[in-house]
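**Student:** My structure is stored as run-v4.txt, with compact mmCIF, C-alpha atoms.
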# COMPACT_ATOMS: atom_id res chain seq x y z
CA MET A 1 -3.10 16.97 -13.02
CA ARG A 2 -0.75 15.29 -10.59
CA PRO A 3 2.33 13.46 -11.90
CA LEU A 4 1.91 9.71 -12.08
CA GLU A 5 3.87 7.60 -9.61
CA PHE A 6 4.27 3.86 -9.27
CA GLY A 7 5.29 1.82 -6.25
CA TRP A 8 6.25 -1.83 -5.80
CA TYR A 9 6.01 -4.35 -2.94
CA LEU A 10 8.78 -6.07 -0.97
CA PRO A 11 7.73 -9.63 0.04
CA THR A 12 9.83 -10.03 3.18
CA HIS A 13 7.62 -13.01 4.12
CA GLY A 14 8.72 -14.84 0.97
CA ASP A 15 7.50 -15.27 -2.58
CA THR A 16 5.68 -17.87 -4.66
CA THR A 17 4.32 -18.75 -8.06
CA ALA A 18 1.64 -21.05 -6.58
CA TYR A 19 -0.15 -20.64 -3.25
CA GLY A 20 -0.45 -23.99 -1.47
CA LEU A 21 2.36 -25.67 -3.44
CA MET A 22 5.43 -26.14 -1.26
CA ASP A 23 7.82 -26.54 -4.18
CA ALA A 24 6.82 -23.07 -5.44
CA GLN A 25 7.61 -21.26 -2.19
CA ILE A 26 10.65 -19.00 -1.86
CA PRO A 27 11.49 -18.08 1.76
CA GLY A 28 12.18 -14.53 2.84
CA SER A 29 15.86 -13.64 2.83
CA PRO A 30 18.22 -10.69 2.37
CA GLU A 31 18.99 -12.06 -1.09
CA LEU A 32 15.29 -12.03 -2.06
CA CYS A 33 14.97 -8.46 -0.81
CA ASP A 34 18.01 -7.38 -2.80
CA ARG A 35 16.68 -8.96 -6.00
CA VAL A 36 13.27 -7.33 -5.65
CA VAL A 37 14.58 -3.87 -4.75
CA GLN A 38 17.13 -3.89 -7.56
CA ALA A 39 14.49 -4.96 -10.07
CA ALA A 40 11.97 -2.39 -8.82
CA GLU A 41 14.47 0.44 -8.91
CA LYS A 42 15.66 -0.49 -12.39
CA ALA A 43 12.02 -0.63 -13.57
CA GLY A 44 11.52 2.97 -12.41
CA PHE A 45 9.30 2.45 -9.36
CA GLU A 46 9.32 5.49 -7.09
CA TYR A 47 8.38 3.86 -3.79
CA LEU A 48 8.52 0.46 -2.09
CA LEU A 49 5.74 -0.84 0.16
CA ILE A 50 7.18 -2.88 3.04
CA PRO A 51 4.54 -5.08 4.75
CA VAL A 52 4.00 -5.41 8.50
CA GLY A 53 2.03 -8.63 9.06
CA SER A 54 3.14 -11.06 11.76
CA VAL A 55 4.77 -13.31 9.13
CA CYS A 56 6.76 -10.40 7.70
CA TRP A 57 10.22 -9.23 8.65
CA GLU A 58 10.34 -6.05 10.76
CA ALA A 59 9.58 -3.19 8.40
CA TRP A 60 11.65 -0.30 9.82
CA ILE A 61 14.85 -2.33 10.03
CA THR A 62 14.25 -3.80 6.57
CA GLY A 63 13.43 -0.39 5.11
CA ALA A 64 16.58 1.19 6.52
CA PHE A 65 18.80 -1.58 5.15
CA MET A 66 17.15 -1.49 1.73
CA ALA A 67 17.39 2.31 1.51
CA ALA A 68 21.11 2.00 2.22
CA ARG A 69 21.47 -0.76 -0.41
CA SER A 70 19.66 1.17 -3.17
CA SER A 71 19.87 4.62 -4.68
CA SER A 72 16.48 6.16 -5.44
CA ILE A 73 13.44 4.14 -4.37
CA LYS A 74 11.58 5.35 -1.24
CA PRO A 75 10.53 2.80 1.37
CA LEU A 76 6.85 3.16 2.34
CA ILE A 77 6.73 2.00 5.97
CA ALA A 78 3.78 1.74 8.32
CA ALA A 79 3.14 3.97 11.31
CA ARG A 80 0.74 1.70 13.22
CA PRO A 81 -1.23 3.14 16.14
CA GLY A 82 -0.17 1.88 19.54
CA TYR A 83 3.07 0.21 18.43
CA ILE A 84 5.66 2.99 18.90
CA ASN A 85 5.58 6.04 21.15
CA PRO A 86 4.77 8.93 18.77
CA VAL A 87 7.67 11.12 19.95
CA LEU A 88 10.11 8.29 19.29
CA LEU A 89 8.39 7.53 15.99
CA ALA A 90 8.70 11.16 14.89
CA LYS A 91 12.42 11.04 15.66
CA MET A 92 12.81 7.68 13.88
CA ILE A 93 11.13 8.95 10.72
CA SER A 94 12.95 12.29 10.58
CA THR A 95 16.29 10.55 11.24
CA PHE A 96 15.53 8.03 8.47
CA ASP A 97 14.58 10.95 6.21
CA GLN A 98 17.85 12.78 6.88
CA MET A 99 20.03 9.68 6.62
CA SER A 100 18.47 8.65 3.31
CA GLY A 101 18.33 12.10 1.75
CA GLY A 102 14.54 12.26 1.75
CA ARG A 103 13.74 8.65 0.91
CA ILE A 104 10.93 7.72 3.27
CA CYS A 105 7.13 7.84 3.09
CA ILE A 106 4.63 6.81 5.73
CA ASN A 107 1.87 4.24 5.47
CA LEU A 108 -1.04 4.60 7.91
CA ILE A 109 -2.39 1.17 8.87
CA ALA A 110 -4.94 0.42 11.60
CA GLY A 111 -4.65 -3.37 11.11
CA GLN A 112 -6.70 -5.89 9.12
CA ASN A 113 -6.56 -8.96 11.38
CA GLU A 114 -7.88 -8.47 14.92
CA SER A 115 -6.33 -11.65 16.35
CA GLU A 116 -2.94 -10.67 14.94
CA VAL A 117 -3.12 -7.17 16.43
CA GLU A 118 -4.14 -8.60 19.82
CA GLY A 119 -1.37 -11.16 19.60
CA GLU A 120 1.12 -8.31 19.27
CA GLY A 121 -0.16 -6.69 22.45
CA VAL A 122 -2.33 -3.91 21.04
CA ARG A 123 -5.65 -4.11 22.88
CA TYR A 124 -7.60 -1.29 21.28
CA PRO A 125 -10.51 -2.29 19.00
CA LYS A 126 -10.30 -1.05 15.42
CA GLU A 127 -12.48 2.03 15.94
CA ALA A 128 -10.27 3.13 18.82
CA ARG A 129 -7.15 2.44 16.78
CA TYR A 130 -8.30 5.00 14.22
CA GLU A 131 -8.85 7.52 17.01
CA LEU A 132 -5.38 6.72 18.32
CA MET A 133 -3.94 7.06 14.81
CA GLU A 134 -5.50 10.52 14.48
CA GLU A 135 -3.75 11.61 17.68
CA GLU A 136 -0.43 10.09 16.71
CA VAL A 137 -0.37 11.60 13.21
CA SER A 138 -1.28 14.99 14.69
CA ILE A 139 1.62 14.62 17.13
CA LEU A 140 4.05 13.65 14.36
CA LYS A 141 3.12 16.66 12.27
CA ALA A 142 3.29 19.01 15.27
CA LEU A 143 6.74 17.76 16.28
CA TRP A 144 8.03 18.23 12.74
CA THR A 145 6.64 21.72 12.18
CA THR A 146 6.36 23.51 15.54
CA ARG A 147 9.16 25.88 16.49
CA GLY A 148 9.57 25.27 20.19
CA PRO A 149 8.25 22.64 22.59
CA VAL A 150 5.05 20.75 21.75
CA ASN A 151 2.27 20.33 24.29
CA PHE A 152 -0.54 17.92 23.51
CA GLU A 153 -3.41 16.52 25.51
CA GLY A 154 -5.68 13.93 23.95
CA LYS A 155 -7.62 10.81 24.82
CA PHE A 156 -4.55 8.56 24.51
CA HIS A 157 -1.47 10.80 24.72
CA LYS A 158 -0.31 13.72 26.82
CA LEU A 159 2.90 15.59 26.00
CA SER A 160 4.47 18.41 27.96
CA GLY A 161 7.29 20.27 26.27
CA ALA A 162 8.16 17.58 23.71
CA HIS A 163 10.73 18.33 21.02
CA ILE A 164 12.89 16.31 18.64
CA ARG A 165 15.96 16.52 16.46
CA PRO A 166 16.53 16.31 13.57
CA ARG A 167 13.81 17.94 11.53
CA PRO A 168 12.75 15.99 8.41
CA HIS A 169 14.72 16.40 5.22
CA GLN A 170 11.48 16.54 3.20
CA GLN A 171 9.51 19.71 3.87
CA PRO A 172 7.31 20.12 5.70
CA PHE A 173 7.46 16.34 6.27
CA PRO A 174 7.34 13.01 4.35
CA LYS A 175 4.22 12.00 2.43
CA PHE A 176 1.45 10.02 4.13
CA TYR A 177 -0.37 7.16 2.40
CA LEU A 178 -3.46 5.36 3.68
CA GLY A 179 -5.42 2.42 2.29
CA GLY A 180 -8.73 1.67 3.95
CA GLY A 181 -12.39 1.20 3.11
CA SER A 182 -14.15 2.33 6.30
CA ARG A 183 -15.62 5.75 6.97
CA GLN A 184 -13.05 6.23 9.72
CA ALA A 185 -10.25 5.48 7.27
CA TRP A 186 -11.69 7.94 4.77
CA GLU A 187 -12.00 10.64 7.40
CA LEU A 188 -8.41 10.13 8.49
CA SER A 189 -7.28 10.40 4.87
CA ALA A 190 -9.37 13.52 4.42
CA ARG A 191 -7.55 15.09 7.39
CA HIS A 192 -4.01 13.81 6.87
CA SER A 193 -3.18 11.73 3.78
CA ASP A 194 -1.30 12.85 0.71
CA VAL A 195 -2.50 9.71 -1.10
CA HIS A 196 -5.51 7.52 -0.36
CA LEU A 197 -4.96 4.10 -1.92
CA PHE A 198 -8.02 2.08 -2.92
CA TRP A 199 -7.90 -1.66 -3.40
CA GLY A 200 -9.14 -3.08 -6.68
CA ASP A 201 -12.68 -2.10 -7.63
CA LEU A 202 -14.72 -0.96 -10.60
CA PRO A 203 -13.48 2.33 -12.09
CA GLU A 204 -16.88 3.99 -11.71
CA LYS A 205 -16.92 3.05 -8.01
CA ILE A 206 -13.44 4.50 -7.59
CA ALA A 207 -14.58 7.73 -9.25
CA SER A 208 -17.48 7.96 -6.81
CA ASN A 209 -15.23 7.26 -3.83
CA ILE A 210 -12.74 9.91 -4.95
CA ALA A 211 -15.49 12.51 -5.15
CA GLU A 212 -16.76 11.60 -1.69
CA ILE A 213 -13.37 11.66 0.03
CA ARG A 214 -12.42 14.90 -1.70
CA GLU A 215 -15.61 16.45 -0.36
CA MET A 216 -14.71 15.20 3.12
CA ALA A 217 -11.27 16.78 2.71
CA ARG A 218 -12.91 20.08 1.77
CA ALA A 219 -14.12 20.41 5.36
CA HIS A 220 -10.45 20.55 6.40
CA GLY A 221 -9.34 22.84 3.56
CA ARG A 222 -7.52 19.91 1.91
CA GLU A 223 -9.59 19.14 -1.18
CA ASP A 224 -6.61 20.07 -3.39
CA ASP A 225 -4.00 18.45 -1.15
CA ILE A 226 -5.20 14.85 -1.20
CA GLY A 227 -4.43 12.52 -4.10
CA PHE A 228 -5.68 9.05 -4.95
CA GLY A 229 -4.33 5.75 -6.14
CA MET A 230 -4.80 2.00 -6.45
CA ARG A 231 -3.23 -0.98 -4.71
CA LEU A 232 -3.27 -3.79 -7.29
CA GLN A 233 -1.55 -6.97 -8.37
CA VAL A 234 -0.25 -7.25 -11.92
CA ILE A 235 0.29 -10.42 -13.96
CA CYS A 236 1.70 -9.48 -17.37
CA ARG A 237 3.13 -11.67 -20.11
CA GLU A 238 3.89 -10.85 -23.72
CA ASN A 239 1.18 -13.34 -24.70
CA GLU A 240 -2.26 -13.05 -23.02
CA ALA A 241 -2.70 -16.81 -22.73
CA ASP A 242 0.56 -17.06 -20.78
CA ALA A 243 -0.65 -14.36 -18.38
CA TRP A 244 -3.87 -16.24 -17.64
CA GLU A 245 -1.96 -19.49 -17.19
CA ALA A 246 0.31 -17.77 -14.63
CA ALA A 247 -2.77 -16.38 -12.87
CA ASP A 248 -4.42 -19.79 -12.69
CA GLN A 249 -1.22 -21.43 -11.47
CA LEU A 250 -1.06 -18.92 -8.65
CA VAL A 251 -4.32 -20.12 -7.05
CA ARG A 252 -5.04 -23.61 -8.37
CA HIS A 253 -3.22 -25.41 -5.53
CA ALA A 254 -4.64 -23.31 -2.68
CA THR A 255 -6.03 -25.37 0.19
CA GLU A 256 -9.54 -25.07 1.56
CA ARG A 257 -8.04 -23.87 4.83
CA GLN A 258 -6.35 -20.97 3.06
CA LYS A 259 -9.58 -20.01 1.35
CA GLN A 260 -11.56 -20.20 4.59
CA GLU A 261 -9.06 -17.99 6.42
CA MET A 262 -9.67 -15.23 3.89
CA LYS A 263 -13.33 -15.25 4.92
CA THR A 264 -12.87 -15.38 8.69
CA LEU A 265 -9.62 -13.76 9.80
CA TYR A 266 -10.20 -10.43 8.06
CA ASN A 267 -13.92 -9.90 8.58
CA LYS A 268 -13.43 -6.66 10.55
CA SER A 269 -11.72 -4.97 7.59
CA GLU A 270 -14.10 -2.99 5.37
CA ALA A 271 -11.64 -3.07 2.48
CA ASN A 272 -11.28 -6.86 2.70
CA LEU A 273 -15.04 -7.26 2.93
CA ARG A 274 -15.41 -5.13 -0.20
CA VAL A 275 -13.04 -7.25 -2.31
CA GLN A 276 -14.80 -10.40 -1.12
CA GLN A 277 -18.14 -8.84 -2.05
CA LEU A 278 -16.85 -7.98 -5.52
CA ALA A 279 -15.69 -11.56 -6.03
CA ARG A 280 -19.12 -12.89 -5.01
CA GLU A 281 -21.08 -10.45 -7.16
CA HIS A 282 -18.91 -10.41 -10.28
CA GLY A 283 -17.15 -13.75 -10.22
CA ASP A 284 -13.60 -13.95 -11.50
CA LEU A 285 -13.68 -10.78 -13.63
CA LEU A 286 -14.60 -7.22 -12.73
CA LEU A 287 -13.38 -6.10 -16.15
CA PRO A 288 -12.02 -8.20 -19.02
CA HIS A 289 -8.51 -7.91 -17.51
CA LEU A 290 -9.25 -7.17 -13.84
CA TRP A 291 -9.27 -10.50 -12.01
CA THR A 292 -10.52 -11.30 -8.49
CA GLY A 293 -8.87 -14.72 -8.20
CA ILE A 294 -6.13 -13.85 -5.71
CA THR A 295 -8.76 -12.71 -3.19
CA LYS A 296 -9.38 -16.42 -2.57
CA VAL A 297 -5.91 -16.93 -1.11
CA ARG A 298 -4.51 -13.55 -0.10
CA PRO A 299 -5.87 -10.80 2.16
CA GLY A 300 -5.61 -7.17 1.15
CA ALA A 301 -4.69 -6.43 -2.41
CA GLY A 302 -6.07 -9.52 -4.10
CA ILE A 303 -7.40 -8.01 -7.32
CA ALA A 304 -5.04 -8.26 -10.29
CA VAL A 305 -4.54 -6.70 -13.69
CA VAL A 306 -3.94 -9.65 -16.03
CA GLY A 307 -3.04 -9.72 -19.70
CA ASN A 308 -0.52 -8.72 -22.33
CA PRO A 309 1.27 -5.34 -22.06
CA VAL A 310 -1.34 -3.37 -23.99
CA GLN A 311 -4.24 -4.94 -22.06
CA CYS A 312 -2.56 -4.26 -18.71
CA ALA A 313 -1.76 -0.66 -19.65
CA GLU A 314 -5.32 -0.06 -20.87
CA THR A 315 -6.75 -1.42 -17.61
CA LEU A 316 -4.51 0.83 -15.52
CA GLN A 317 -5.50 3.73 -17.77
CA GLN A 318 -9.14 3.35 -16.75
CA PHE A 319 -8.14 4.17 -13.18
CA ILE A 320 -5.90 7.03 -14.30
CA ASP A 321 -8.83 8.47 -16.25
CA VAL A 322 -11.12 8.53 -13.19
CA GLY A 323 -8.56 10.41 -11.08
CA CYS A 324 -5.88 8.03 -9.76
CA HIS A 325 -2.27 9.13 -10.01
CA SER A 326 -0.48 6.66 -7.68
CA PHE A 327 -0.30 2.90 -8.24
CA CYS A 328 1.12 0.55 -5.62
CA LEU A 329 1.62 -2.73 -7.46
CA SER A 330 2.92 -6.22 -6.79
CA GLY A 331 3.23 -9.48 -8.70
CA TYR A 332 4.73 -12.95 -8.68
CA LEU A 333 7.62 -13.51 -8.59
CA HIS A 334 8.18 -9.97 -7.40
CA ASP A 335 11.59 -9.42 -8.98
CA GLU A 336 10.51 -10.94 -12.29
CA GLU A 337 7.16 -9.12 -12.44
CA ALA A 338 8.82 -5.80 -11.60
CA GLU A 339 11.19 -6.33 -14.53
CA ARG A 340 8.31 -7.13 -16.87
CA PHE A 341 6.39 -4.05 -15.75
CA GLY A 342 9.35 -1.79 -16.46
CA ARG A 343 10.06 -3.37 -19.84
CA LEU A 344 6.55 -4.07 -21.14
CA ILE A 345 3.93 -1.87 -19.43
CA ARG A 346 5.73 1.28 -18.32
CA PRO A 347 6.59 2.51 -21.86
CA ILE A 348 2.94 2.22 -22.93
CA VAL A 349 1.64 4.05 -19.86
CA ALA A 350 4.27 6.76 -20.32
CA GLU A 351 3.34 7.20 -23.99
CA ASN A 352 -0.37 7.41 -23.16
CA ASN A 353 0.24 10.00 -20.43
CA ARG A 354 2.88 12.29 -21.86
CA GLY A 355 3.98 14.99 -19.50
CA ARG A 356 2.73 13.15 -16.41
CA TRP A 357 5.39 10.48 -16.13
CA ALA A 358 8.93 10.33 -17.46
CA ALA A 359 9.33 7.74 -20.21
The structure in this file should be written as structure tokens.

**Tutor:**
Amino acid sequence: MRPLEFGWYLPTHGDTTAYGLMDAQIPGSPELCDRVVQAAEKAGFEYLLIPVGSVCWEAWITGAFMAARSSSIKPLIAARPGYINPVLLAKMISTFDQMSGGRICINLIAGQNESEVEGEGVRYPKEARYELMEEEVSILKALWTTRGPVNFEGKFHKLSGAHIRPRPHQQPFPKFYLGGGSRQAWELSARHSDVHLFWGDLPEKIASNIAEIREMARAHGREDDIGFGMRLQVICRENEADAWEAADQLVRHATERQKQEMKTLYNKSEANLRVQQLAREHGDLLLPHLWTGITKVRPGAGIAVVGNPVQCAETLQQFIDVGCHSFCLSGYLHDEEAERFGRLIRPIVAENNRGRWAA
């Protein structure tokens, strides 16, 4: 069994305790980033997801600063197809890896919002972006592992005698993560990912998806190389009633415009469509402590584990038991929820999984 690992989220776009309520909004700032990273590191999180939406601060610059201002947590930063020349990107990542002593991991993102991607000048449709991503990841890996110049000829890129310095600190290269619900995303994970992250779903569905992607990886000789995890929110309080009150407060002030945007702006994303489907079919609860409410106001990871420490740990355990070893979590406020996770949930998960995660 793989060791368990837990990651946290850095809200460079700002934080809140209530979507739609101006008084509850906290703007993005260096001070917010410092608070969240310090809390996440103290709570024992191994990696730090840095978002890349148009409202977010630039992820590579943020990640470099936060790696320099912390001691152990690894920034998880997106390599998005079509945004950065792959030779330059390979050099950026390996330089980051050397400068930080091996504290970088790579998030593969094709993009959820088509209008946002187009607004940033990337004109490929989503299917083509996955093809482009396949080429660019192949180029990254070749540049990091080939002794001598790299030649590459594909649909999107042609390289003649490319080479970079330095080589990565992590060998053979940093870990790749991918979260996506389409067949193209699964195939890319099967070929390249160290961890495929699912968004919230029923444990039995996750078990089925794991089996299918592992079988896809078998075709590439990688069935034992790929691991699996969950991207979830967590809302934990020492008293269950307080947790549900915090959950309700998070969404009760959301505007109709916010709710409508969740249905229209992200309708090309299979993973977003799946969480919306789950909310329609199951209502607010997938499990007694697995809540769909945030999907009404937030794209992406909108399904939350809600409850007291034991209830939250038991819900996470259901995903561990079906084969997940990596958990990329977030919660509101992000510094406060990270602290609660480390103090309240982590010891229970560690006790229930002795030998897989340091207590």

**Student:** Between A:Val37, A:Val87, A:Ile104, A:Ala254, which residue has the minimum interatomic distance to Ala64 in chain A, considering only C-alpha atoms?

**Tutor:** A:Ile104

**Student:** What's the 10 Å shell around Asp225 in chain A, counting all atoms listed in the file, without same-chain residues fewer than 3 positions away, as a CSV table (one decimal) with C-alpha atoms, in the coordinates of the input?

**Tutor:**
chain,number,residue,atom,x,y,z
A,190,ALA,CA,-9.4,13.5,4.4
A,191,ARG,CA,-7.6,15.1,7.4
A,192,HIS,CA,-4.0,13.8,6.9
A,193,SER,CA,-3.2,11.7,3.8
A,194,ASP,CA,-1.3,12.8,0.7
A,195,VAL,CA,-2.5,9.7,-1.1
A,214,ARG,CA,-12.4,14.9,-1.7
A,217,ALA,CA,-11.3,16.8,2.7
A,218,ARG,CA,-12.9,20.1,1.8
A,221,GLY,CA,-9.3,22.8,3.6
A,222,ARG,CA,-7.5,19.9,1.9

**Student:** Which residue is closest to Asn85 in chain A? Choose from A:Leu140, A:Arg103, A:His196, A:His282 and count only C-alpha atoms.

**Tutor:** A:Leu140

**Student:** Given only C-alpha atoms as the basis, pick out the residue of A:Glu204, A:Pro288, A:Arg2, A:Ala301 nearest to Pro51 in chain A.

**Tutor:**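 Looking only at the distances to Pro51 in chain A, the closest residue turns out to be A:Ala301.
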
**Student:** Could you work out how far CA of Ile109 in chain A lies from CA of His169 in chain A, giving the answer in Å with one decimal?

**Tutor:**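 Going from CA of His169 in chain A over to CA of Ile109 in chain A covers 23.2 Å.
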
**Student:** Env of Leu250 in chain A: 6 Å cut, atoms = all atoms listed in the file, seq-sep filter 6 positions within chain, self excluded. Answer as a short mmCIF file (atom, residue, chain, number, x, y, z; two decimals) with C-alpha atoms, in the coordinates of the input.

**Tutor:**
data_model
loop_
_atom_site.label_atom_id
_atom_site.label_comp_id
_atom_site.auth_asym_id
_atom_site.auth_seq_id
_atom_site.Cartn_x
_atom_site.Cartn_y
_atom_site.Cartn_z
CA THR A 17 4.32 -18.75 -8.06
CA ALA A 18 1.64 -21.05 -6.58
CA TYR A 19 -0.15 -20.64 -3.25
#

**Student:** Rounded to one decimal in Å, what is the spacing between CA of Pro3 in chain A and CA of Ser326 in chain A?

**Tutor:**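 These atoms are spaced 8.5 Å apart.
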
**Student:** Leaving out Pro86 in chain A and any residue of its chain fewer than 2 positions from it, which residues lie within 7 Å of it when counting all atoms listed in the file, given as a VMD selection string?

**Tutor:** chain A and resid 84 88 to 90 136 139 to 140

**Student:** Pull C-alpha atoms from the residues just selected and write them as a tab-separated table (two decimals), keeping the file's coordinate frame.

**Tutor:**
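For reference, part_25.tsv as written:
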chain	number	residue	atom	x	y	z
A	84	ILE	CA	5.66	2.99	18.90
A	88	LEU	CA	10.11	8.29	19.29
A	89	LEU	CA	8.39	7.53	15.99
A	90	ALA	CA	8.70	11.16	14.89
A	136	GLU	CA	-0.43	10.09	16.71
A	139	ILE	CA	1.62	14.62	17.13
A	140	LEU	CA	4.05	13.65	14.36

**Student:** Mind listing whatever residues come within 7 Å of the point (4.4, 9.8, 4.2)? Use all atoms listed in the file, file coordinates, and give them as JSON, numbers by chain.

**Tutor:** {"A": [104, 105, 106, 107, 174, 175, 176, 177]}

**Student:** Which residue, A:Tyr47, A:Ile206, A:Pro75, A:Met99, has the smallest gap to Val322 in chain A when you use only C-alpha atoms?

**Tutor:**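 Using only C-alpha atoms, the shortest distance to Val322 in chain A belongs to A:Ile206.
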
**Student:** Which residue gives the smallest distance to Cys33 in chain A among A:Arg231, A:Asn308, A:Leu333, A:Gly20, with all atoms listed in the file counted?

**Tutor:**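 Under the stated criterion, the closest residue is A:Leu333.
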
**Student:** One decimal, Å: what's the distance from CA of Glu5 in chain A over to CA of Phe327 in chain A, could you say?

**Tutor:**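 Taking CA of Glu5 in chain A as the start and CA of Phe327 in chain A as the end point, the length is 6.4 Å.
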
**Student:** Could you model N, CA and C atoms for range 89-111 of chain A and present them as a short mmCIF file (atom, residue, chain, number, x, y, z; two decimals), in the frame of the given file?

**Tutor:**
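Output below, filename out33.cif:
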data_model
loop_
_atom_site.label_atom_id
_atom_site.label_comp_id
_atom_site.auth_asym_id
_atom_site.auth_seq_id
_atom_site.Cartn_x
_atom_site.Cartn_y
_atom_site.Cartn_z
N LEU A 89 8.66 7.79 17.40
CA LEU A 89 8.39 7.53 15.99
C LEU A 89 8.72 8.76 15.14
N ALA A 90 8.36 9.94 15.63
CA ALA A 90 8.70 11.16 14.89
C ALA A 90 10.20 11.29 14.70
N LYS A 91 10.96 10.98 15.75
CA LYS A 91 12.42 11.04 15.66
C LYS A 91 12.97 9.96 14.72
N MET A 92 12.39 8.76 14.78
CA MET A 92 12.81 7.68 13.88
C MET A 92 12.62 8.09 12.42
N ILE A 93 11.44 8.62 12.12
CA ILE A 93 11.13 8.95 10.72
C ILE A 93 11.99 10.11 10.23
N SER A 94 12.15 11.15 11.04
CA SER A 94 12.95 12.29 10.58
C SER A 94 14.43 11.91 10.47
N THR A 95 14.91 11.03 11.36
CA THR A 95 16.29 10.55 11.24
C THR A 95 16.46 9.72 9.97
N PHE A 96 15.52 8.82 9.71
CA PHE A 96 15.53 8.03 8.47
C PHE A 96 15.53 8.97 7.27
N ASP A 97 14.69 10.00 7.32
CA ASP A 97 14.58 10.95 6.21
C ASP A 97 15.90 11.67 5.96
N GLN A 98 16.56 12.10 7.04
CA GLN A 98 17.85 12.78 6.88
C GLN A 98 18.93 11.82 6.39
N MET A 99 18.99 10.64 6.98
CA MET A 99 20.03 9.68 6.62
C MET A 99 19.91 9.21 5.17
N SER A 100 18.68 9.16 4.67
CA SER A 100 18.47 8.65 3.31
C SER A 100 18.37 9.76 2.27
N GLY A 101 18.47 11.00 2.70
CA GLY A 101 18.33 12.10 1.75
C GLY A 101 16.92 12.29 1.25
N GLY A 102 15.94 12.04 2.13
CA GLY A 102 14.54 12.26 1.75
C GLY A 102 13.85 11.06 1.15
N ARG A 103 14.31 9.86 1.51
CA ARG A 103 13.74 8.65 0.91
C ARG A 103 12.95 7.86 1.95
N ILE A 104 11.85 8.43 2.39
CA ILE A 104 10.93 7.72 3.27
C ILE A 104 9.53 8.28 3.05
N CYS A 105 8.53 7.41 3.06
CA CYS A 105 7.13 7.84 3.09
C CYS A 105 6.40 6.93 4.07
N ILE A 106 5.26 7.40 4.56
CA ILE A 106 4.63 6.81 5.73
C ILE A 106 3.29 6.21 5.35
N ASN A 107 3.10 4.96 5.74
CA ASN A 107 1.87 4.24 5.47
C ASN A 107 1.06 4.15 6.76
N LEU A 108 -0.18 4.62 6.72
CA LEU A 108 -1.04 4.60 7.91
C LEU A 108 -1.91 3.35 7.87
N ILE A 109 -1.71 2.46 8.84
CA ILE A 109 -2.39 1.17 8.87
C ILE A 109 -2.98 0.95 10.26
N ALA A 110 -4.30 0.73 10.32
CA ALA A 110 -4.94 0.42 11.60
C ALA A 110 -4.91 -1.06 11.92
N GLY A 111 -4.71 -1.92 10.89
CA GLY A 111 -4.65 -3.37 11.11
C GLY A 111 -5.86 -4.07 10.54
#
